[in-house]
file my_file.txt (compact mmCIF, N, CA and C atoms)
# COMPACT_ATOMS: atom_id res chain seq x y z
N VAL A 1374 129.23 177.36 61.58
CA VAL A 1374 130.55 177.98 61.63
C VAL A 1374 130.99 178.32 60.21
N GLN A 1375 131.43 179.55 60.03
CA GLN A 1375 131.94 179.99 58.73
C GLN A 1375 133.43 180.30 58.87
N LEU A 1376 134.18 179.90 57.87
CA LEU A 1376 135.62 180.10 57.88
C LEU A 1376 136.03 180.85 56.62
N GLN A 1377 136.87 181.85 56.79
CA GLN A 1377 137.33 182.67 55.67
C GLN A 1377 138.84 182.68 55.67
N ALA A 1378 139.41 182.06 54.64
CA ALA A 1378 140.87 181.97 54.55
C ALA A 1378 141.41 183.07 53.63
N SER A 1379 142.64 183.47 53.92
CA SER A 1379 143.30 184.47 53.08
C SER A 1379 144.81 184.34 53.25
N GLY A 1380 145.55 184.99 52.34
CA GLY A 1380 147.00 185.07 52.50
C GLY A 1380 147.83 184.28 51.52
N GLY A 1381 147.21 183.55 50.62
CA GLY A 1381 148.00 182.79 49.66
C GLY A 1381 148.66 183.71 48.64
N GLY A 1382 149.50 183.12 47.80
CA GLY A 1382 150.16 183.91 46.79
C GLY A 1382 151.33 183.17 46.18
N LEU A 1383 152.12 183.93 45.44
CA LEU A 1383 153.31 183.38 44.77
C LEU A 1383 154.55 183.83 45.51
N VAL A 1384 155.43 182.88 45.78
CA VAL A 1384 156.66 183.18 46.50
C VAL A 1384 157.78 182.31 45.94
N GLN A 1385 158.99 182.79 46.05
CA GLN A 1385 160.13 182.00 45.59
C GLN A 1385 160.55 180.98 46.65
N THR A 1386 161.27 179.99 46.20
CA THR A 1386 161.81 178.99 47.12
C THR A 1386 162.61 179.68 48.22
N GLY A 1387 162.33 179.24 49.45
CA GLY A 1387 163.01 179.84 50.60
C GLY A 1387 162.25 181.00 51.21
N GLY A 1388 161.22 181.45 50.54
CA GLY A 1388 160.45 182.58 51.03
C GLY A 1388 159.44 182.20 52.09
N SER A 1389 158.66 183.19 52.50
CA SER A 1389 157.67 183.01 53.57
C SER A 1389 156.32 183.56 53.17
N LEU A 1390 155.30 182.97 53.74
CA LEU A 1390 153.92 183.48 53.61
C LEU A 1390 153.20 183.21 54.91
N ARG A 1391 152.19 184.03 55.19
CA ARG A 1391 151.34 183.77 56.34
C ARG A 1391 149.90 183.68 55.88
N LEU A 1392 149.27 182.57 56.21
CA LEU A 1392 147.86 182.37 55.92
C LEU A 1392 147.04 182.71 57.16
N SER A 1393 145.85 183.24 56.92
CA SER A 1393 144.93 183.54 58.01
C SER A 1393 143.60 182.85 57.75
N CYS A 1394 142.91 182.53 58.84
CA CYS A 1394 141.58 181.93 58.73
C CYS A 1394 140.72 182.51 59.85
N ALA A 1395 139.73 183.29 59.46
CA ALA A 1395 138.84 183.92 60.42
C ALA A 1395 137.58 183.07 60.57
N ALA A 1396 137.21 182.81 61.81
CA ALA A 1396 136.03 182.00 62.10
C ALA A 1396 134.91 182.88 62.62
N SER A 1397 133.69 182.51 62.26
CA SER A 1397 132.52 183.22 62.76
C SER A 1397 131.39 182.22 62.92
N GLY A 1398 130.34 182.66 63.59
CA GLY A 1398 129.21 181.76 63.83
C GLY A 1398 129.33 181.08 65.18
N ARG A 1399 128.91 179.80 65.25
CA ARG A 1399 128.90 179.07 66.52
C ARG A 1399 130.28 178.51 66.83
N ILE A 1400 131.21 179.40 67.04
CA ILE A 1400 132.59 178.97 67.27
C ILE A 1400 132.78 178.26 68.60
N GLU A 1401 131.81 178.42 69.51
CA GLU A 1401 131.92 177.72 70.79
C GLU A 1401 131.82 176.21 70.62
N SER A 1402 131.36 175.77 69.46
CA SER A 1402 131.26 174.34 69.20
C SER A 1402 132.57 173.73 68.70
N ILE A 1403 133.53 174.58 68.38
CA ILE A 1403 134.80 174.14 67.81
C ILE A 1403 135.76 173.71 68.92
N ASN A 1404 136.47 172.59 68.69
CA ASN A 1404 137.50 172.21 69.65
C ASN A 1404 138.90 172.20 69.04
N ALA A 1405 138.97 172.44 67.74
CA ALA A 1405 140.29 172.53 67.09
C ALA A 1405 140.12 173.20 65.73
N MET A 1406 141.18 173.79 65.24
CA MET A 1406 141.22 174.36 63.89
C MET A 1406 142.50 173.91 63.21
N GLY A 1407 142.43 173.79 61.90
CA GLY A 1407 143.61 173.28 61.21
C GLY A 1407 143.68 173.71 59.77
N TRP A 1408 144.81 173.35 59.15
CA TRP A 1408 145.03 173.63 57.75
C TRP A 1408 145.27 172.31 57.02
N TYR A 1409 144.60 172.17 55.89
CA TYR A 1409 144.83 171.05 54.98
C TYR A 1409 145.36 171.64 53.67
N ARG A 1410 145.97 170.81 52.88
CA ARG A 1410 146.39 171.25 51.55
C ARG A 1410 146.23 170.12 50.55
N GLN A 1411 146.04 170.52 49.31
CA GLN A 1411 145.92 169.55 48.22
C GLN A 1411 146.70 170.06 47.03
N ALA A 1412 147.70 169.30 46.66
CA ALA A 1412 148.51 169.62 45.50
C ALA A 1412 147.90 168.96 44.27
N PRO A 1413 148.18 169.47 43.09
CA PRO A 1413 147.63 168.87 41.86
C PRO A 1413 147.97 167.39 41.76
N GLY A 1414 146.95 166.57 41.55
CA GLY A 1414 147.16 165.15 41.38
C GLY A 1414 147.42 164.37 42.65
N LYS A 1415 147.31 165.05 43.78
CA LYS A 1415 147.58 164.37 45.05
C LYS A 1415 146.37 164.45 45.96
N GLN A 1416 146.37 163.60 46.97
CA GLN A 1416 145.29 163.61 47.94
C GLN A 1416 145.46 164.77 48.91
N ARG A 1417 144.37 165.18 49.47
CA ARG A 1417 144.42 166.22 50.48
C ARG A 1417 145.13 165.68 51.73
N GLU A 1418 145.94 166.52 52.33
CA GLU A 1418 146.67 166.10 53.53
C GLU A 1418 146.55 167.16 54.62
N LEU A 1419 146.61 166.69 55.83
CA LEU A 1419 146.58 167.59 56.97
C LEU A 1419 147.97 168.20 57.13
N VAL A 1420 148.03 169.50 57.22
CA VAL A 1420 149.30 170.22 57.38
C VAL A 1420 149.59 170.44 58.85
N ALA A 1421 148.62 170.97 59.57
CA ALA A 1421 148.79 171.26 60.98
C ALA A 1421 147.44 171.56 61.59
N PHE A 1422 147.33 171.32 62.91
CA PHE A 1422 146.13 171.76 63.59
C PHE A 1422 146.48 172.16 65.01
N ILE A 1423 145.58 172.95 65.58
CA ILE A 1423 145.78 173.46 66.94
C ILE A 1423 144.47 173.31 67.69
N THR A 1424 144.56 172.81 68.92
CA THR A 1424 143.36 172.61 69.73
C THR A 1424 143.02 173.88 70.50
N ASN A 1425 141.85 173.87 71.11
CA ASN A 1425 141.46 175.01 71.94
C ASN A 1425 142.44 175.22 73.09
N GLY A 1426 143.06 174.15 73.52
CA GLY A 1426 144.02 174.25 74.60
C GLY A 1426 145.41 174.69 74.15
N GLY A 1427 145.59 174.83 72.85
CA GLY A 1427 146.86 175.31 72.34
C GLY A 1427 147.82 174.23 71.89
N SER A 1428 147.43 172.98 72.00
CA SER A 1428 148.29 171.90 71.53
C SER A 1428 148.34 171.91 70.01
N THR A 1429 149.53 171.67 69.48
CA THR A 1429 149.72 171.71 68.02
C THR A 1429 150.24 170.39 67.50
N THR A 1430 149.87 170.10 66.27
CA THR A 1430 150.33 168.90 65.58
C THR A 1430 150.68 169.29 64.15
N TYR A 1431 151.80 168.77 63.67
CA TYR A 1431 152.27 169.11 62.32
C TYR A 1431 152.54 167.85 61.51
N ALA A 1432 152.34 167.97 60.21
CA ALA A 1432 152.80 166.92 59.31
C ALA A 1432 154.33 166.92 59.32
N ASP A 1433 154.90 165.74 59.17
CA ASP A 1433 156.37 165.65 59.19
C ASP A 1433 157.01 166.54 58.14
N SER A 1434 156.34 166.70 57.02
CA SER A 1434 156.91 167.45 55.90
C SER A 1434 157.05 168.94 56.18
N VAL A 1435 156.36 169.45 57.22
CA VAL A 1435 156.41 170.88 57.48
C VAL A 1435 157.00 171.22 58.85
N LYS A 1436 157.30 170.21 59.63
CA LYS A 1436 157.85 170.45 60.97
C LYS A 1436 159.13 171.27 60.88
N GLY A 1437 159.21 172.27 61.75
CA GLY A 1437 160.38 173.12 61.77
C GLY A 1437 160.32 174.27 60.79
N ARG A 1438 159.36 174.25 59.87
CA ARG A 1438 159.23 175.32 58.88
C ARG A 1438 157.92 176.09 59.03
N PHE A 1439 156.86 175.40 59.41
CA PHE A 1439 155.55 176.02 59.55
C PHE A 1439 155.20 176.14 61.03
N THR A 1440 154.47 177.20 61.35
CA THR A 1440 153.99 177.40 62.71
C THR A 1440 152.52 177.78 62.67
N ILE A 1441 151.71 177.02 63.40
CA ILE A 1441 150.27 177.32 63.49
C ILE A 1441 150.01 178.02 64.81
N SER A 1442 149.11 178.99 64.78
CA SER A 1442 148.78 179.73 65.99
C SER A 1442 147.34 180.22 65.92
N ARG A 1443 146.84 180.66 67.05
CA ARG A 1443 145.47 181.19 67.10
C ARG A 1443 145.45 182.46 67.93
N ASP A 1444 144.62 183.39 67.52
CA ASP A 1444 144.32 184.58 68.30
C ASP A 1444 142.85 184.44 68.68
N ASN A 1445 142.60 183.97 69.90
CA ASN A 1445 141.23 183.69 70.30
C ASN A 1445 140.39 184.96 70.39
N ALA A 1446 141.01 186.07 70.70
CA ALA A 1446 140.28 187.33 70.78
C ALA A 1446 139.73 187.74 69.42
N LYS A 1447 140.45 187.35 68.36
CA LYS A 1447 140.03 187.69 67.00
C LYS A 1447 139.37 186.52 66.29
N ASN A 1448 139.28 185.37 66.98
CA ASN A 1448 138.73 184.16 66.35
C ASN A 1448 139.43 183.85 65.03
N THR A 1449 140.71 183.99 65.05
CA THR A 1449 141.50 183.82 63.83
C THR A 1449 142.67 182.87 64.07
N MET A 1450 142.89 182.03 63.07
CA MET A 1450 144.01 181.08 63.09
C MET A 1450 145.01 181.51 62.02
N TYR A 1451 146.28 181.24 62.29
CA TYR A 1451 147.32 181.61 61.33
C TYR A 1451 148.21 180.42 61.02
N LEU A 1452 148.80 180.45 59.86
CA LEU A 1452 149.83 179.48 59.50
C LEU A 1452 151.01 180.26 58.93
N GLN A 1453 152.06 180.37 59.71
CA GLN A 1453 153.28 181.01 59.24
C GLN A 1453 154.13 179.97 58.54
N MET A 1454 154.40 180.21 57.28
CA MET A 1454 155.14 179.24 56.47
C MET A 1454 156.47 179.85 56.07
N ASN A 1455 157.55 179.27 56.55
CA ASN A 1455 158.90 179.72 56.24
C ASN A 1455 159.64 178.66 55.44
N SER A 1456 160.74 179.06 54.84
CA SER A 1456 161.58 178.14 54.07
C SER A 1456 160.74 177.32 53.10
N LEU A 1457 159.90 178.00 52.38
CA LEU A 1457 158.97 177.32 51.47
C LEU A 1457 159.71 176.61 50.34
N LYS A 1458 159.15 175.48 49.95
CA LYS A 1458 159.72 174.65 48.90
C LYS A 1458 158.69 174.49 47.77
N PRO A 1459 159.14 174.19 46.57
CA PRO A 1459 158.18 173.97 45.48
C PRO A 1459 157.14 172.90 45.82
N GLU A 1460 157.52 171.91 46.59
CA GLU A 1460 156.57 170.86 46.95
C GLU A 1460 155.50 171.32 47.94
N ASP A 1461 155.63 172.54 48.44
CA ASP A 1461 154.58 173.11 49.29
C ASP A 1461 153.47 173.74 48.44
N THR A 1462 153.67 173.80 47.14
CA THR A 1462 152.65 174.36 46.26
C THR A 1462 151.38 173.54 46.34
N ALA A 1463 150.27 174.21 46.66
CA ALA A 1463 149.00 173.52 46.84
C ALA A 1463 147.91 174.55 47.13
N ILE A 1464 146.70 174.06 47.12
CA ILE A 1464 145.59 174.86 47.64
C ILE A 1464 145.46 174.53 49.12
N TYR A 1465 145.54 175.57 49.93
CA TYR A 1465 145.46 175.41 51.38
C TYR A 1465 144.06 175.80 51.84
N SER A 1466 143.47 174.93 52.64
CA SER A 1466 142.13 175.16 53.16
C SER A 1466 142.15 175.09 54.68
N CYS A 1467 141.41 175.99 55.29
CA CYS A 1467 141.29 175.91 56.74
C CYS A 1467 140.04 175.13 57.10
N ALA A 1468 140.09 174.49 58.25
CA ALA A 1468 139.00 173.65 58.70
C ALA A 1468 138.84 173.76 60.20
N ALA A 1469 137.67 173.44 60.67
CA ALA A 1469 137.41 173.45 62.10
C ALA A 1469 136.78 172.13 62.49
N ARG A 1470 137.10 171.70 63.69
CA ARG A 1470 136.62 170.41 64.18
C ARG A 1470 135.67 170.62 65.36
N SER A 1471 134.59 169.88 65.36
CA SER A 1471 133.68 169.88 66.49
C SER A 1471 133.47 168.45 66.95
N GLY A 1472 132.97 168.31 68.16
CA GLY A 1472 132.74 166.98 68.68
C GLY A 1472 131.65 166.24 67.90
N PHE A 1473 130.76 166.99 67.29
CA PHE A 1473 129.63 166.39 66.58
C PHE A 1473 129.95 166.06 65.13
N LEU A 1474 130.63 166.97 64.44
CA LEU A 1474 130.86 166.81 63.00
C LEU A 1474 132.27 166.39 62.64
N GLY A 1475 133.17 166.35 63.64
CA GLY A 1475 134.56 166.13 63.29
C GLY A 1475 135.08 167.31 62.49
N TRP A 1476 135.95 167.05 61.50
CA TRP A 1476 136.43 168.13 60.65
C TRP A 1476 135.36 168.44 59.61
N GLY A 1477 134.29 169.05 60.08
CA GLY A 1477 133.12 169.25 59.23
C GLY A 1477 132.91 170.66 58.72
N TYR A 1478 133.75 171.56 59.15
CA TYR A 1478 133.62 172.96 58.73
C TYR A 1478 134.83 173.33 57.89
N TRP A 1479 134.56 173.91 56.73
CA TRP A 1479 135.64 174.21 55.79
C TRP A 1479 135.50 175.62 55.23
N GLY A 1480 136.64 176.27 55.08
CA GLY A 1480 136.69 177.54 54.39
C GLY A 1480 137.06 177.31 52.94
N GLN A 1481 137.02 178.36 52.15
CA GLN A 1481 137.45 178.22 50.77
C GLN A 1481 138.97 178.10 50.73
N GLY A 1482 139.50 177.52 49.70
CA GLY A 1482 140.93 177.34 49.61
C GLY A 1482 141.65 178.60 49.16
N THR A 1483 142.92 178.67 49.52
CA THR A 1483 143.76 179.76 49.04
C THR A 1483 145.01 179.14 48.42
N LEU A 1484 145.37 179.61 47.24
CA LEU A 1484 146.46 178.98 46.49
C LEU A 1484 147.81 179.52 46.94
N VAL A 1485 148.70 178.60 47.22
CA VAL A 1485 150.09 178.92 47.52
C VAL A 1485 150.95 178.32 46.42
N THR A 1486 151.72 179.15 45.76
CA THR A 1486 152.60 178.69 44.69
C THR A 1486 154.03 179.07 45.04
N VAL A 1487 154.90 178.07 45.07
CA VAL A 1487 156.30 178.31 45.38
C VAL A 1487 157.10 178.01 44.12
N SER A 1488 157.74 179.03 43.61
CA SER A 1488 158.51 178.88 42.37
C SER A 1488 159.95 178.47 42.69
N SER A 1489 160.50 177.68 41.80
CA SER A 1489 161.89 177.20 42.00
C SER A 1489 162.88 178.12 41.34
call {"tool": "encode", "arguments": {"input": "my_file.txt", "output": "structure tokens"}}
result
Amino acid sequence: VQLQASGGGLVQTGGSLRLSCAASGRIESINAMGWYRQAPGKQRELVAFITNGGSTTYADSVKGRFTISRDNAKNTMYLQMNSLKPEDTAIYSCAARSGFLGWGYWGQGTLVTVSS
């Protein structure tokens, strides 16, 4: 499975960005897709994930501001980020989960910078 993330950039506090992650390869092996982020000097954290059935889970820090979705016809996952805060600044990476590897598939990171 290959994952290609895009959509990062620089935005002011309160602004919005949408990240995309396109999946290719043996996508039938995937049972969930998600977004992780890692800020400078901090550990990587799970931001949100969505299962094949459409169930979603969010980190408390982004609930009500971020929305994860999937377009199965395009094999693409999205993360709509609204009301962005400086503490959302991080490298965001998309990942896919399979029953065999767990969260074993990763795309390259995309940098999100929120200026105050």
call {"tool": "atom_distance", "arguments": {"input": "my_file.txt", "atom1": "CA of Gly1427 (chain A)", "atom2": "CA of Thr1449 (chain A)"}}
result
13.2 Å
call {"tool": "atom_distance", "arguments": {"input": "my_file.txt", "atom1": "atom N of Val1487 (chain A)", "atom2": "CA of Ala1378 (chain A)"}}
result
17.4 Å
call {"tool": "closest_residue", "arguments": {"input": "my_file.txt", "among": "A:Val1485, A:Ala1463, A:Leu1392, A:Met1450", "to": "Ala1412 (chain A)", "atoms": "only N, CA and C atoms"}}
result
A:Ala1463
call {"tool": "atom_distance", "arguments": {"input": "my_file.txt", "atom1": "atom C of Ser1466 (chain A)", "atom2": "atom C of Thr1386 (chain A)"}}
result
21.9 Å
call {"tool": "residues_around", "arguments": {"input": "my_file.txt", "residues": "Ile1403 (chain A)", "least_positions_apart": "2", "cutoff": "6 Å", "atoms": "only C-alpha atoms", "output": "tab-separated table (two decimals) with N, CA and C atoms, keeping the file's coordinate frame"}}
result
chain	number	residue	atom	x	y	z
A	1400	ILE	N	131.21	179.40	67.04
A	1400	ILE	CA	132.59	178.97	67.27
A	1400	ILE	C	132.78	178.26	68.60
A	1401	GLU	N	131.81	178.42	69.51
A	1401	GLU	CA	131.92	177.72	70.79
A	1401	GLU	C	131.82	176.21	70.62
A	1405	ALA	N	138.97	172.44	67.74
A	1405	ALA	CA	140.29	172.53	67.09
A	1405	ALA	C	140.12	173.20	65.73
A	1470	ARG	N	137.10	171.70	63.69
A	1470	ARG	CA	136.62	170.41	64.18
A	1470	ARG	C	135.67	170.62	65.36
A	1471	SER	N	134.59	169.88	65.36
A	1471	SER	CA	133.68	169.88	66.49
A	1471	SER	C	133.47	168.45	66.95
call {"tool": "closest_residue", "arguments": {"input": "my_file.txt", "among": "A:Lys1458, A:Arg1410, A:Lys1447, A:Arg1399", "to": "Gly1482 (chain A)", "atoms": "only C-alpha atoms"}}
result
A:Arg1410
call {"tool": "closest_residue", "arguments": {"input": "my_file.txt", "among": "A:Asn1404, A:Thr1462, A:Gln1377, A:Thr1440", "to": "Ala1421 (chain A)", "atoms": "only N, CA and C atoms"}}
result
A:Thr1440
call {"tool": "closest_residue", "arguments": {"input": "my_file.txt", "among": "A:Gln1385, A:Leu1376, A:Cys1394, A:Gln1416", "to": "Ser1489 (chain A)", "atoms": "all atoms listed in the file"}}
result
A:Gln1385
call {"tool": "closest_residue", "arguments": {"input": "my_file.txt", "among": "A:Ser1488, A:Leu1390, A:Asn1445, A:Gly1382", "to": "Pro1459 (chain A)", "atoms": "all atoms listed in the file"}}
result
A:Ser1488
call {"tool": "select_by_dssp", "arguments": {"input": "my_file.txt", "residues": "chain A", "states": "strand (DSSP E)", "output": "PyMOL selection string"}}
result
chain A and resi 1375-1379+1382-1385+1390-1397+1403-1411+1418-1424+1429-1431+1439-1444+1449-1454+1463-1471+1475-1479+1483-1488
call {"tool": "residues_around", "arguments": {"input": "my_file.txt", "residues": "Ser1389 (chain A)", "least_positions_apart": "4", "cutoff": "8 Å", "atoms": "all atoms listed in the file", "output": "number ranges by chain"}}
result
A: 1383-1385, 1453-1457
call {"tool": "residues_near_point", "arguments": {"input": "my_file.txt", "point": "(135.9, 171.3, 57.4)", "cutoff": "10 Å", "atoms": "only C-alpha atoms", "output": "mmCIF file with N, CA and C atoms, keeping the file's coordinate frame"}}
result
data_model
loop_
_atom_site.group_PDB
_atom_site.id
_atom_site.type_symbol
_atom_site.label_atom_id
_atom_site.label_comp_id
_atom_site.auth_asym_id
_atom_site.auth_seq_id
_atom_site.Cartn_x
_atom_site.Cartn_y
_atom_site.Cartn_z
ATOM 1 N N VAL A 1374 129.230 177.360 61.580
ATOM 2 C CA VAL A 1374 130.550 177.980 61.630
ATOM 3 C C VAL A 1374 130.990 178.320 60.210
ATOM 4 N N GLN A 1375 131.430 179.550 60.030
ATOM 5 C CA GLN A 1375 131.940 179.990 58.730
ATOM 6 C C GLN A 1375 133.430 180.300 58.870
ATOM 7 N N LEU A 1376 134.180 179.900 57.870
ATOM 8 C CA LEU A 1376 135.620 180.100 57.880
ATOM 9 C C LEU A 1376 136.030 180.850 56.620
ATOM 10 N N MET A 1406 141.180 173.790 65.240
ATOM 11 C CA MET A 1406 141.220 174.360 63.890
ATOM 12 C C MET A 1406 142.500 173.910 63.210
ATOM 13 N N GLY A 1407 142.430 173.790 61.900
ATOM 14 C CA GLY A 1407 143.610 173.280 61.210
ATOM 15 C C GLY A 1407 143.680 173.710 59.770
ATOM 16 N N TRP A 1408 144.810 173.350 59.150
ATOM 17 C CA TRP A 1408 145.030 173.630 57.750
ATOM 18 C C TRP A 1408 145.270 172.310 57.020
ATOM 19 N N TYR A 1409 144.600 172.170 55.890
ATOM 20 C CA TYR A 1409 144.830 171.050 54.980
ATOM 21 C C TYR A 1409 145.360 171.640 53.670
ATOM 22 N N SER A 1466 143.470 174.930 52.640
ATOM 23 C CA SER A 1466 142.130 175.160 53.160
ATOM 24 C C SER A 1466 142.150 175.090 54.680
ATOM 25 N N CYS A 1467 141.410 175.990 55.290
ATOM 26 C CA CYS A 1467 141.290 175.910 56.740
ATOM 27 C C CYS A 1467 140.040 175.130 57.100
ATOM 28 N N ALA A 1468 140.090 174.490 58.250
ATOM 29 C CA ALA A 1468 139.000 173.650 58.700
ATOM 30 C C ALA A 1468 138.840 173.760 60.200
ATOM 31 N N ALA A 1469 137.670 173.440 60.670
ATOM 32 C CA ALA A 1469 137.410 173.450 62.100
ATOM 33 C C ALA A 1469 136.780 172.130 62.490
ATOM 34 N N ARG A 1470 137.100 171.700 63.690
ATOM 35 C CA ARG A 1470 136.620 170.410 64.180
ATOM 36 C C ARG A 1470 135.670 170.620 65.360
ATOM 37 N N SER A 1471 134.590 169.880 65.360
ATOM 38 C CA SER A 1471 133.680 169.880 66.490
ATOM 39 C C SER A 1471 133.470 168.450 66.950
ATOM 40 N N LEU A 1474 130.630 166.970 64.440
ATOM 41 C CA LEU A 1474 130.860 166.810 63.000
ATOM 42 C C LEU A 1474 132.270 166.390 62.640
ATOM 43 N N GLY A 1475 133.170 166.350 63.640
ATOM 44 C CA GLY A 1475 134.560 166.130 63.290
ATOM 45 C C GLY A 1475 135.080 167.310 62.490
ATOM 46 N N TRP A 1476 135.950 167.050 61.500
ATOM 47 C CA TRP A 1476 136.430 168.130 60.650
ATOM 48 C C TRP A 1476 135.360 168.440 59.610
ATOM 49 N N GLY A 1477 134.290 169.050 60.080
ATOM 50 C CA GLY A 1477 133.120 169.250 59.230
ATOM 51 C C GLY A 1477 132.910 170.660 58.720
ATOM 52 N N TYR A 1478 133.750 171.560 59.150
ATOM 53 C CA TYR A 1478 133.620 172.960 58.730
ATOM 54 C C TYR A 1478 134.830 173.330 57.890
ATOM 55 N N TRP A 1479 134.560 173.910 56.730
ATOM 56 C CA TRP A 1479 135.640 174.210 55.790
ATOM 57 C C TRP A 1479 135.500 175.620 55.230
ATOM 58 N N GLY A 1480 136.640 176.270 55.080
ATOM 59 C CA GLY A 1480 136.690 177.540 54.390
ATOM 60 C C GLY A 1480 137.060 177.310 52.940
ATOM 61 N N GLN A 1481 137.020 178.360 52.150
ATOM 62 C CA GLN A 1481 137.450 178.220 50.770
ATOM 63 C C GLN A 1481 138.970 178.100 50.730
#
call {"tool": "closest_residue", "arguments": {"input": "my_file.txt", "among": "A:Ser1379, A:Ser1402, A:Ser1442, A:Thr1483", "to": "Ser1428 (chain A)", "atoms": "only C-alpha atoms"}}
result
A:Ser1442
call {"tool": "select_by_dssp", "arguments": {"input": "my_file.txt", "residues": "region 1386-1477 of chain A", "states": "helix (DSSP H, G or I)", "output": "NGL selection string"}}
result
:A and (1400-1402 or 1459-1461)
call {"tool": "axis_aligned_box", "arguments": {"input": "my_file.txt", "around": "region 1455-1462 of chain A", "padding_each_side": "4 Å", "output": "JSON"}}
result
{"center_x": 156.5, "center_y": 175.3, "center_z": 51.0, "size_x": 18.2, "size_y": 16.9, "size_z": 19.1}
call {"tool": "decode", "arguments": {"input": "my_file.txt", "residues": "region 1461-1467 of chain A", "atoms": "all heavy atoms", "output": "mmCIF file, in the first residue's frame"}}
result
data_model
loop_
_atom_site.group_PDB
_atom_site.id
_atom_site.type_symbol
_atom_site.label_atom_id
_atom_site.label_comp_id
_atom_site.auth_asym_id
_atom_site.auth_seq_id
_atom_site.Cartn_x
_atom_site.Cartn_y
_atom_site.Cartn_z
ATOM 1 N N ASP A 1461 -1.471 23.476 16.716
ATOM 2 C CA ASP A 1461 -1.715 22.466 15.676
ATOM 3 C C ASP A 1461 -0.528 22.366 14.716
ATOM 4 O O ASP A 1461 -0.504 21.477 13.857
ATOM 5 C CB ASP A 1461 -2.971 22.814 14.871
ATOM 6 C CG ASP A 1461 -4.242 22.735 15.704
ATOM 7 O OD1 ASP A 1461 -4.367 21.775 16.494
ATOM 8 O OD2 ASP A 1461 -5.101 23.621 15.554
ATOM 9 N N THR A 1462 0.428 23.260 14.860
ATOM 10 C CA THR A 1462 1.612 23.222 14.002
ATOM 11 C C THR A 1462 2.361 21.915 14.193
ATOM 12 O O THR A 1462 2.711 21.536 15.311
ATOM 13 C CB THR A 1462 2.549 24.405 14.321
ATOM 14 O OG1 THR A 1462 1.889 25.629 13.989
ATOM 15 C CG2 THR A 1462 3.847 24.304 13.539
ATOM 16 N N ALA A 1463 2.567 21.194 13.093
ATOM 17 C CA ALA A 1463 3.211 19.883 13.160
ATOM 18 C C ALA A 1463 3.382 19.338 11.748
ATOM 19 O O ALA A 1463 2.839 19.889 10.786
ATOM 20 C CB ALA A 1463 2.365 18.911 13.981
ATOM 21 N N ILE A 1464 4.116 18.263 11.673
ATOM 22 C CA ILE A 1464 4.141 17.481 10.438
ATOM 23 C C ILE A 1464 3.036 16.446 10.548
ATOM 24 O O ILE A 1464 2.995 15.667 11.512
ATOM 25 C CB ILE A 1464 5.499 16.801 10.237
ATOM 26 C CG1 ILE A 1464 6.591 17.861 10.039
ATOM 27 C CG2 ILE A 1464 5.441 15.861 9.041
ATOM 28 C CD1 ILE A 1464 7.987 17.295 9.956
ATOM 29 N N TYR A 1465 2.146 16.462 9.572
ATOM 30 C CA TYR A 1465 1.008 15.548 9.557
ATOM 31 C C TYR A 1465 1.306 14.424 8.568
ATOM 32 O O TYR A 1465 1.678 14.671 7.424
ATOM 33 C CB TYR A 1465 -0.255 16.286 9.134
ATOM 34 C CG TYR A 1465 -0.815 17.178 10.225
ATOM 35 C CD1 TYR A 1465 -0.141 18.342 10.592
ATOM 36 C CD2 TYR A 1465 -1.989 16.856 10.888
ATOM 37 C CE1 TYR A 1465 -0.629 19.163 11.595
ATOM 38 C CE2 TYR A 1465 -2.492 17.673 11.898
ATOM 39 C CZ TYR A 1465 -1.801 18.824 12.244
ATOM 40 O OH TYR A 1465 -2.296 19.629 13.249
ATOM 41 N N SER A 1466 1.104 13.202 9.032
ATOM 42 C CA SER A 1466 1.349 12.024 8.205
ATOM 43 C C SER A 1466 0.091 11.177 8.139
ATOM 44 O O SER A 1466 -0.600 11.012 9.144
ATOM 45 C CB SER A 1466 2.491 11.182 8.790
ATOM 46 O OG SER A 1466 3.694 11.921 8.861
ATOM 47 N N CYS A 1467 -0.179 10.653 6.962
ATOM 48 C CA CYS A 1467 -1.308 9.739 6.853
ATOM 49 C C CYS A 1467 -0.808 8.309 6.996
ATOM 50 O O CYS A 1467 0.339 8.005 6.664
ATOM 51 C CB CYS A 1467 -2.074 9.936 5.548
ATOM 52 S SG CYS A 1467 -1.156 9.657 4.028
#
